[in-house]
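For reference, data-v4.txt (compact mmCIF, C-alpha atoms):
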```txt
# COMPACT_ATOMS: atom_id res chain seq x y z
CA MET L 368 -8.09 53.61 175.20
CA GLY L 369 -4.66 53.44 176.74
CA LEU L 370 -4.32 49.75 175.86
CA GLY L 371 -5.39 50.40 172.28
CA ALA L 372 -2.96 53.29 171.86
CA GLY L 373 -0.17 51.24 173.39
CA CYS L 374 -0.78 48.31 171.05
CA GLY L 375 -0.78 50.64 168.07
CA LEU L 376 2.54 52.19 169.08
CA VAL L 377 4.05 48.73 169.61
CA LEU L 378 3.02 47.73 166.10
CA LEU L 379 4.52 50.93 164.67
CA VAL L 380 7.82 50.31 166.47
CA ARG L 381 7.95 46.68 165.32
CA THR L 382 7.29 47.59 161.69
CA ARG L 383 10.03 50.23 161.78
CA ARG L 384 12.50 47.75 163.28
CA THR L 385 11.85 44.74 161.05
CA PRO L 386 15.30 43.14 160.53
CA ASN L 387 16.78 43.26 157.07
CA PRO L 388 17.23 39.67 155.80
CA ALA L 389 20.19 40.83 153.73
CA VAL L 390 22.19 41.74 156.83
CA GLY L 391 24.98 39.25 157.23
CA PRO L 392 28.19 39.39 159.23
CA ALA L 393 28.58 41.04 162.59
CA ARG L 394 30.76 43.72 161.06
CA TYR L 395 27.64 45.18 159.44
CA LEU L 396 25.71 44.84 162.70
CA ARG L 397 28.32 46.84 164.56
CA ARG L 398 28.48 49.63 162.02
CA ARG L 399 26.60 52.79 162.81
CA GLU L 400 23.61 53.65 160.72
CA PRO L 401 24.32 55.45 157.47
CA ARG L 402 24.65 59.17 157.92
CA ARG L 403 21.49 59.97 156.03
CA HIS L 404 19.44 57.67 158.27
CA ALA L 405 21.04 59.09 161.40
CA GLY L 406 20.36 62.58 160.07
CA ARG L 407 16.70 61.76 159.50
CA TRP L 408 16.42 60.24 162.96
CA LEU L 409 18.03 63.34 164.49
CA ALA L 410 15.76 65.62 162.49
CA GLY L 411 12.73 63.68 163.70
CA ALA L 412 13.88 63.94 167.32
CA VAL L 413 14.48 67.68 167.00
CA GLY L 414 11.10 68.09 165.33
CA ALA L 415 9.35 66.20 168.13
CA GLY L 416 11.08 68.38 170.72
CA LEU L 417 10.16 71.61 168.92
CA LEU L 418 6.56 70.48 168.45
CA LEU L 419 6.08 69.70 172.12
CA GLY L 420 7.87 72.92 173.07
CA VAL L 421 5.55 74.98 170.88
CA ILE L 422 2.40 73.22 172.12
CA THR L 423 3.25 73.42 175.83
CA GLY L 424 5.77 76.25 176.04
CA TRP L 425 8.05 74.01 178.14
CA VAL L 426 11.73 74.17 177.36
CA VAL L 427 12.46 71.10 179.49
CA GLY L 428 9.51 69.26 177.96
CA GLY L 429 10.83 69.88 174.45
CA LEU L 430 14.26 68.63 175.47
CA LEU L 431 12.81 65.47 177.03
CA ALA L 432 10.63 64.85 173.98
CA ALA L 433 13.64 65.09 171.68
CA MET L 434 15.61 62.69 173.88
CA ALA L 435 12.68 60.25 173.97
CA ALA L 436 12.20 60.35 170.19
CA TRP L 437 15.91 59.65 169.72
CA SER L 438 16.35 56.83 172.23
CA LEU L 439 13.01 55.10 172.87
CA PRO L 440 12.84 53.23 169.53
CA ARG L 441 16.14 51.55 170.45
CA ILE L 442 15.10 50.91 174.05
CA LEU L 443 11.73 49.47 173.04
CA GLY L 444 13.25 47.30 170.34
CA SER L 445 12.56 43.59 170.25
CA GLY L 446 16.17 42.49 170.73
CA ALA L 447 16.80 42.06 167.00
CA THR L 448 20.49 42.91 167.40
CA GLU L 449 20.96 40.21 170.04
CA ARG L 450 19.18 37.66 167.85
CA GLU L 451 21.38 38.57 164.89
CA ARG L 452 24.46 38.20 167.09
CA THR L 453 23.22 34.78 168.17
CA ALA L 454 22.73 33.87 164.52
CA VAL L 455 26.34 34.88 163.81
CA ILE L 456 27.62 32.64 166.62
CA GLU L 457 25.50 29.78 165.32
CA GLY L 458 26.88 30.41 161.85
CA ILE L 459 30.43 30.23 163.21
CA ALA L 460 29.61 26.87 164.77
CA GLY L 461 28.22 25.58 161.49
CA TRP L 462 31.25 26.80 159.53
CA ALA L 463 33.66 25.20 162.02
CA GLU L 464 31.81 21.90 161.58
CA MET L 465 32.03 22.24 157.79
CA LEU L 466 35.77 22.85 158.04
CA ARG L 467 36.16 19.85 160.33
CA ASP L 468 34.27 17.51 158.01
CA THR L 469 36.11 18.72 154.91
CA LEU L 470 39.50 18.42 156.59
CA ALA L 471 38.62 14.85 157.51
CA ALA L 472 38.62 14.12 153.77
CA ALA L 473 42.37 14.93 153.69
CA ALA L 474 41.92 18.32 152.01
CA GLY L 475 44.41 21.14 152.60
CA LEU L 476 43.43 24.08 154.78
CA GLU L 477 43.22 26.67 152.01
CA GLN L 478 41.34 24.26 149.75
CA THR L 479 38.98 23.51 152.63
CA ILE L 480 38.23 27.19 153.18
CA LEU L 481 37.62 27.73 149.46
CA ALA L 482 35.34 24.70 149.33
CA THR L 483 33.21 25.95 152.21
CA ALA L 484 33.03 29.61 151.13
CA ALA L 485 29.96 29.23 148.93
CA ALA L 486 28.09 26.99 151.37
CA ALA L 487 28.90 28.85 154.60
CA PRO L 488 25.95 29.69 156.90
CA LYS L 489 24.08 32.78 155.81
CA ALA L 490 24.96 34.84 158.88
CA ILE L 491 28.70 34.73 158.08
CA ARG L 492 28.61 33.96 154.37
CA THR L 493 29.86 37.41 153.36
CA PRO L 494 33.07 37.42 155.46
CA VAL L 495 33.81 33.79 154.53
CA ALA L 496 33.31 34.64 150.85
CA GLU L 497 35.66 37.61 151.25
CA LEU L 498 38.18 35.29 152.88
CA GLY L 499 37.96 32.92 149.91
CA ALA L 500 38.32 35.82 147.48
CA ARG L 501 41.49 37.00 149.22
CA LEU L 502 42.94 33.52 149.04
CA GLU L 503 42.12 33.27 145.34
CA ARG L 504 43.97 36.57 144.77
CA GLY L 505 47.07 35.01 146.28
CA GLU L 506 46.99 36.70 149.68
CA ARG L 507 48.63 34.90 152.59
CA LEU L 508 46.23 32.83 154.66
CA THR L 509 47.31 34.46 157.93
CA SER L 510 46.66 37.97 156.63
CA ALA L 511 43.31 36.98 155.10
CA LEU L 512 42.20 35.40 158.37
CA GLN L 513 43.15 38.57 160.23
CA TYR L 514 40.85 40.54 157.96
CA MET L 515 38.07 38.08 158.66
CA ALA L 516 38.58 38.45 162.41
CA ASP L 517 38.08 42.19 162.02
CA ASP L 518 34.99 41.63 159.90
CA VAL L 519 33.21 39.27 162.25
CA ALA L 520 34.50 40.84 165.51
CA ASP L 521 33.26 38.03 167.73
CA PRO L 522 35.10 36.23 170.57
CA ILE L 523 33.96 32.78 169.38
CA ALA L 524 35.12 33.58 165.86
CA ASP L 525 38.48 34.59 167.35
CA LEU L 526 38.90 31.08 168.73
CA VAL L 527 38.21 29.44 165.38
CA ILE L 528 40.40 31.89 163.45
CA ALA L 529 43.24 31.54 165.96
CA ALA L 530 43.15 27.76 165.52
CA LEU L 531 43.30 28.18 161.74
CA ILE L 532 46.23 30.61 161.95
CA LEU L 533 48.12 28.33 164.29
CA SER L 534 47.55 25.43 161.92
CA SER L 535 48.67 27.51 158.94
CA ASP L 536 51.82 28.91 160.55
CA HIS L 537 52.94 25.98 162.66
CA GLN L 538 51.40 22.93 160.99
CA ALA L 539 49.35 22.13 164.07
CA ARG L 540 47.94 18.64 164.15
CA GLN L 541 44.54 17.50 165.28
CA LEU L 542 42.91 20.61 163.80
CA ALA L 543 39.70 18.77 162.90
CA PRO L 544 38.98 17.60 166.50
CA LEU L 545 39.79 21.09 167.76
CA LEU L 546 37.32 22.64 165.34
CA GLY L 547 34.70 20.16 166.53
CA GLU L 548 35.25 21.21 170.14
CA LEU L 549 35.06 24.89 169.21
CA ALA L 550 31.83 24.24 167.33
CA ALA L 551 30.40 22.52 170.40
CA THR L 552 31.42 25.53 172.51
CA ALA L 553 29.66 27.87 170.10
CA ARG L 554 26.53 25.70 170.14
CA GLY L 555 26.52 25.83 173.93
CA GLN L 556 26.72 29.61 173.89
CA VAL L 557 23.84 29.77 171.42
CA GLU L 558 21.70 27.65 173.73
CA MET L 559 22.62 29.90 176.67
CA ARG L 560 21.66 32.99 174.68
CA HIS L 561 18.30 31.47 173.78
CA ARG L 562 17.58 30.77 177.44
CA VAL L 563 18.59 34.29 178.46
CA GLU L 564 16.51 35.83 175.67
CA ALA L 565 13.46 33.81 176.71
CA GLY L 566 13.85 35.01 180.29
CA ARG L 567 14.17 38.64 179.26
CA THR L 568 11.21 38.71 176.90
CA ARG L 569 8.78 39.30 179.78
CA THR L 570 10.95 42.14 181.10
CA ARG L 571 11.00 43.82 177.69
CA THR L 572 7.23 43.46 177.35
CA THR L 573 6.66 45.00 180.78
CA MET L 574 9.01 47.87 179.93
CA ARG L 575 7.16 48.58 176.68
CA VAL L 576 3.78 48.59 178.43
CA VAL L 577 5.01 50.97 181.15
CA VAL L 578 6.69 53.37 178.72
CA ILE L 579 3.87 53.45 176.18
CA THR L 580 1.17 53.81 178.84
CA THR L 581 3.04 56.64 180.56
CA LEU L 582 3.74 58.54 177.37
CA GLY L 583 0.22 57.97 176.06
CA PHE L 584 -1.31 59.26 179.28
CA ALA L 585 0.96 62.32 179.30
CA GLY L 586 0.17 63.04 175.66
CA ALA L 587 -3.58 62.76 176.30
CA LEU L 588 -3.32 65.22 179.19
CA ILE L 589 -1.38 67.70 177.03
CA LEU L 590 -3.94 67.51 174.22
CA PHE L 591 -7.25 67.18 176.08
CA ASN L 592 -6.69 68.63 179.56
CA PRO L 593 -3.79 71.12 179.50
CA GLN L 594 -5.17 72.95 182.58
CA PHE L 595 -4.17 69.94 184.68
CA LEU L 596 -0.52 70.55 183.76
CA THR L 597 -0.41 74.32 184.38
CA PRO L 598 1.80 73.90 187.52
CA TYR L 599 4.63 72.89 185.18
CA ASP L 600 4.54 76.30 183.46
CA SER L 601 6.52 77.90 186.28
CA VAL L 602 10.28 77.70 186.74
CA THR L 603 9.80 75.42 189.72
CA GLY L 604 7.53 73.20 187.69
CA GLN L 605 10.13 72.99 184.93
CA LEU L 606 12.77 71.95 187.48
CA ILE L 607 10.45 69.26 188.82
CA LEU L 608 9.77 68.08 185.26
CA LEU L 609 13.51 67.92 184.67
CA LEU L 610 13.89 65.80 187.81
CA ILE L 611 11.12 63.45 186.66
CA GLY L 612 12.70 63.16 183.23
CA GLY L 613 16.07 62.42 184.81
CA LEU L 614 14.56 59.61 186.89
CA PHE L 615 12.93 58.08 183.81
CA THR L 616 16.18 58.38 181.87
CA ALA L 617 18.16 56.65 184.61
CA ALA L 618 15.55 53.88 184.82
CA PHE L 619 15.62 53.33 181.04
CA ILE L 620 19.41 53.19 180.99
CA TRP L 621 19.35 50.66 183.81
CA LEU L 622 16.77 48.51 182.07
CA ARG L 623 18.75 48.69 178.83
CA ARG L 624 21.87 47.45 180.61
CA MET L 625 19.91 44.64 182.23
CA ALA L 626 18.63 43.50 178.84
CA ARG L 627 22.08 43.48 177.25
CA ILE L 628 24.09 40.25 177.13
CA GLU L 629 27.64 40.85 178.27
CA GLU L 630 30.15 39.81 175.67
CA PRO L 631 33.51 38.32 176.73
CA ASP L 632 36.59 40.30 175.85
CA ARG L 633 38.18 39.49 172.53
CA PHE L 634 41.71 38.18 172.76
CA PHE L 635 42.35 38.44 169.05
CA VAL L 636 42.37 41.97 167.68
CA GLY L 637 43.12 42.27 163.98
CA LEU L 638 45.16 44.94 162.29
CA ASN L 639 43.58 47.47 160.00
CA ALA L 640 44.13 47.33 156.28
CA THR L 641 47.11 49.68 156.16
CA GLU L 642 48.95 47.89 158.94
CA GLN L 643 48.32 44.52 157.33
CA ALA L 644 49.57 45.82 153.98
CA ALA L 645 52.77 46.98 155.62
CA GLU L 646 53.20 43.87 157.79
CA PRO L 647 51.54 40.95 155.99
CA THR L 648 53.19 38.26 158.11
CA ARG L 649 52.53 39.74 161.51
CA THR L 650 49.93 38.04 163.70
CA ALA L 651 47.37 40.25 165.31
CA GLY L 652 47.48 40.88 169.04
CA TRP L 653 48.53 37.41 170.23
CA GLU L 654 51.48 35.07 170.17
CA VAL L 655 52.06 31.36 170.41
CA THR L 656 53.26 30.15 173.83
```

The structure given in the file should be rewritten as C-alpha cells.
Amino acid sequence: MGLGAGCGLVLLVRTRRTPNPAVGPARYLRRREPRRHAGRWLAGAVGAGLLLGVITGWVVGGLLAAMAAWSLPRILGSGATERERTAVIEGIAGWAEMLRDTLAAAAGLEQTILATAAAAPKAIRTPVAELGARLERGERLTSALQYMADDVADPIADLVIAALILSSDHQARQLAPLLGELAATARGQVEMRHRVEAGRTRTRTTMRVVVITTLGFAGALILFNPQFLTPYDSVTGQLILLLIGGLFTAAFIWLRRMARIEEPDRFFVGLNATEQAAEPTRTAGWEVT
C-alpha cells in the first residue's frame, strides 16, 4: 500500500512539473513564478496547513503541513531546472560555433549575428532574436550585447559576449578561433553536467521514496489510527513534533544543496535598461587589460 501510494504521488508531482517546451532563455528560468501562480501555491499550502490543523488539532502539525506543501514539490522535482540550464549552455556552444563558421566566410560581426538570429539553438533563440532586433533598430552592438548578457545570465555566455564586445570595440583578430575554443569549453561543461546529473539521479530517487513513504505513513496514521498519535496532543508532544519537523527540514535543505550544481561567479554583469540608455557606450562591469 505504501509503495502504491508513493508511486501515485510521484506521478502527480511529475505531471505538475512537466517542463514547458516554450521556455527559452535562462532569463525566463530565473524569473519567479507569476504572482497568480505563487498566490495559488501559497493558498494551497495554507489550506493544507489549516486542514491538518483542523483534523488533528495540532498547531505545529498545521505549520509543518503548510511548509511541506509549499516546499516539497520543489524538493521532489526531477531536476528540470538543471536540465534547462544545461540546454542553455549547449545552446550557447552551438551559437558560438555558428558565429565562428559564419565569420570564416568573411562576414562582418553584426551581419554574422543577424544571419544567425533566426537559426540560433532553441534554448537561446529568444535572446539572440532580441539581439538581432536591437541591431536592426540601429542600437550599438556593445549596448545590445550587454542586454543579451542580462537576458541569458550565464557565465559561459559572458565569455562569448565578452569576446564579441572586445572584437566590436577593439577590432580583435582571431575571433573565429576564440569562439571555437569557447564552444569547446561549453561542450565540456555540458558533458560534466550530464555526468553529475546521472550520478545524482539515484540520490533524488531515494529522497523521493523516503519522503513519500514517511508522509504516506504519517497520513495513514492520522486518518485510520489517530489514537496512536494522542501523545502529540500535549504541549510536550507539540514541542517534540516541532523538533522532528526541524530535523526533517534541515535534512531536506541539506539534500537540496547537495543536488544543486554550483555555478561559477559571473564576471560580466550588465547594466539595467535605464543605465544603458543613459550610458550607451559604457561596458558592463569589466575592462580591457

>> For a quick check of your reading of the model, name the residues lying within 8 Å of the coordinate (13.6, 61.4, 167.9), counting only C-alpha atoms, and write them as JSON, numbers by chain.
In response: {"L": [408, 409, 410, 411, 412, 413, 414, 415, 416, 432, 433, 434, 435, 436, 437, 438]}

> By how many Å are atom CA of Leu582 of chain L and atom CA of Ala447 of chain L apart?
Replying inline: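 These atoms are spaced 23.4 Å apart.
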
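Of the residues under consideration (L:Gly505, L:Pro440, L:Gly475, L:Pro522), L:Pro522 shows the shortest atom-to-atom contact distance to Val455 of chain L when counting only C-alpha atoms.
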
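Atom to atom, atom CA of Tyr514 of chain L and atom CA of Leu531 of chain L stand 13.2 Å apart.
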
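Interatomic distance, atom CA of Glu477 of chain L against atom CA of Ala454 of chain L: 25.1 Å.
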
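Comparing L:Arg407, L:Arg507, L:Arg554, L:His537 by their smallest distance to Ile459 of chain L, the closest is L:Arg554 (using only C-alpha atoms).
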
>> Restricting the calculation to only C-alpha atoms: of L:Asn592, L:Thr469, L:Thr581, L:Gln513, which residue gets closest to Gly547 of chain L?
In response: L:Thr469

> Which neighbours of Ala543 of chain L fall inside 10 Å, counting only C-alpha atoms, when residues of the same chain fewer than 6 positions from it are skipped, and could you give them as a PyMOL selection string?
Replying inline: chain L and resi 463-471+530+549

> So, counting all atoms listed in the file, which residue among L:Thr509, L:Arg571, L:Gly461, L:Leu481 is closest to Glu497 of chain L?
Replying inline: L:Leu481

> Given the choices L:Leu545, L:Arg492, L:Val427, L:Thr572, which gets closest to Val519 of chain L if the distance is worked out from all atoms listed in the file?
Replying inline: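 Looking only at the distances to Val519 of chain L, the closest residue turns out to be L:Arg492.
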
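Restricting the calculation to all atoms listed in the file, the smallest distance between Asp536 of chain L and any of L:Leu512, L:Gly424, L:Pro494, L:Ile620 is found for L:Leu512.
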
Any chance you could model all heavy atoms for segment 494-505 of chain L and send them as a compact mmCIF listing (two decimals), keeping the file's coordinate frame?
```
# COMPACT_ATOMS: atom_id res chain seq x y z
N PRO L 494 31.65 37.42 155.10
CA PRO L 494 33.07 37.42 155.46
C PRO L 494 33.81 36.17 155.02
O PRO L 494 34.99 36.24 154.67
CB PRO L 494 33.06 37.56 156.99
CG PRO L 494 31.72 37.13 157.42
CD PRO L 494 30.80 37.51 156.31
N VAL L 495 33.14 35.01 155.01
CA VAL L 495 33.81 33.79 154.53
C VAL L 495 34.05 33.89 153.03
O VAL L 495 35.12 33.48 152.53
CB VAL L 495 32.96 32.55 154.87
CG1 VAL L 495 33.59 31.30 154.27
CG2 VAL L 495 32.85 32.38 156.38
N ALA L 496 33.10 34.45 152.28
CA ALA L 496 33.31 34.64 150.85
C ALA L 496 34.45 35.62 150.59
O ALA L 496 35.27 35.42 149.67
CB ALA L 496 32.02 35.13 150.20
N GLU L 497 34.55 36.67 151.39
CA GLU L 497 35.66 37.61 151.25
C GLU L 497 36.99 36.94 151.57
O GLU L 497 38.01 37.20 150.92
CB GLU L 497 35.44 38.82 152.15
CG GLU L 497 34.29 39.71 151.72
CD GLU L 497 34.08 40.88 152.65
OE1 GLU L 497 34.81 40.96 153.67
OE2 GLU L 497 33.20 41.71 152.38
N LEU L 498 36.97 36.05 152.56
CA LEU L 498 38.18 35.29 152.88
C LEU L 498 38.60 34.43 151.69
O LEU L 498 39.78 34.40 151.31
CB LEU L 498 37.92 34.42 154.11
CG LEU L 498 39.02 33.42 154.50
CD1 LEU L 498 40.31 34.14 154.85
CD2 LEU L 498 38.55 32.54 155.66
N GLY L 499 37.64 33.73 151.08
CA GLY L 499 37.96 32.92 149.91
C GLY L 499 38.46 33.76 148.75
O GLY L 499 39.39 33.36 148.04
N ALA L 500 37.87 34.95 148.57
CA ALA L 500 38.32 35.82 147.48
C ALA L 500 39.75 36.29 147.70
O ALA L 500 40.55 36.38 146.75
CB ALA L 500 37.38 37.02 147.35
N ARG L 501 40.12 36.59 148.93
CA ARG L 501 41.49 37.00 149.22
C ARG L 501 42.48 35.86 148.94
O ARG L 501 43.57 36.08 148.42
CB ARG L 501 41.61 37.46 150.67
CG ARG L 501 40.87 38.75 150.97
CD ARG L 501 41.05 39.16 152.43
NE ARG L 501 40.30 40.37 152.73
CZ ARG L 501 40.72 41.59 152.47
NH1 ARG L 501 41.92 41.77 151.93
NH2 ARG L 501 39.98 42.64 152.76
N LEU L 502 42.07 34.66 149.30
CA LEU L 502 42.94 33.52 149.04
C LEU L 502 43.10 33.29 147.54
O LEU L 502 44.20 32.96 147.06
CB LEU L 502 42.40 32.27 149.72
CG LEU L 502 42.37 32.29 151.26
CD1 LEU L 502 41.76 31.01 151.80
CD2 LEU L 502 43.77 32.50 151.83
N GLU L 503 42.03 33.45 146.78
CA GLU L 503 42.12 33.27 145.34
C GLU L 503 43.00 34.33 144.69
O GLU L 503 43.59 34.09 143.63
CB GLU L 503 40.72 33.29 144.73
CG GLU L 503 39.88 32.05 145.09
CD GLU L 503 38.49 32.13 144.50
OE1 GLU L 503 38.08 33.25 144.08
OE2 GLU L 503 37.79 31.10 144.46
N ARG L 504 43.10 35.51 145.30
CA ARG L 504 43.97 36.57 144.77
C ARG L 504 45.42 36.34 145.14
O ARG L 504 46.28 37.15 144.78
CB ARG L 504 43.51 37.93 145.26
CG ARG L 504 42.18 38.38 144.69
CD ARG L 504 41.99 39.88 144.90
NE ARG L 504 42.02 40.24 146.30
CZ ARG L 504 40.94 40.37 147.07
NH1 ARG L 504 39.74 40.10 146.54
NH2 ARG L 504 41.03 40.73 148.32
N GLY L 505 45.69 35.31 145.91
CA GLY L 505 47.07 35.01 146.28
C GLY L 505 47.52 35.61 147.59
O GLY L 505 48.72 35.58 147.90
```
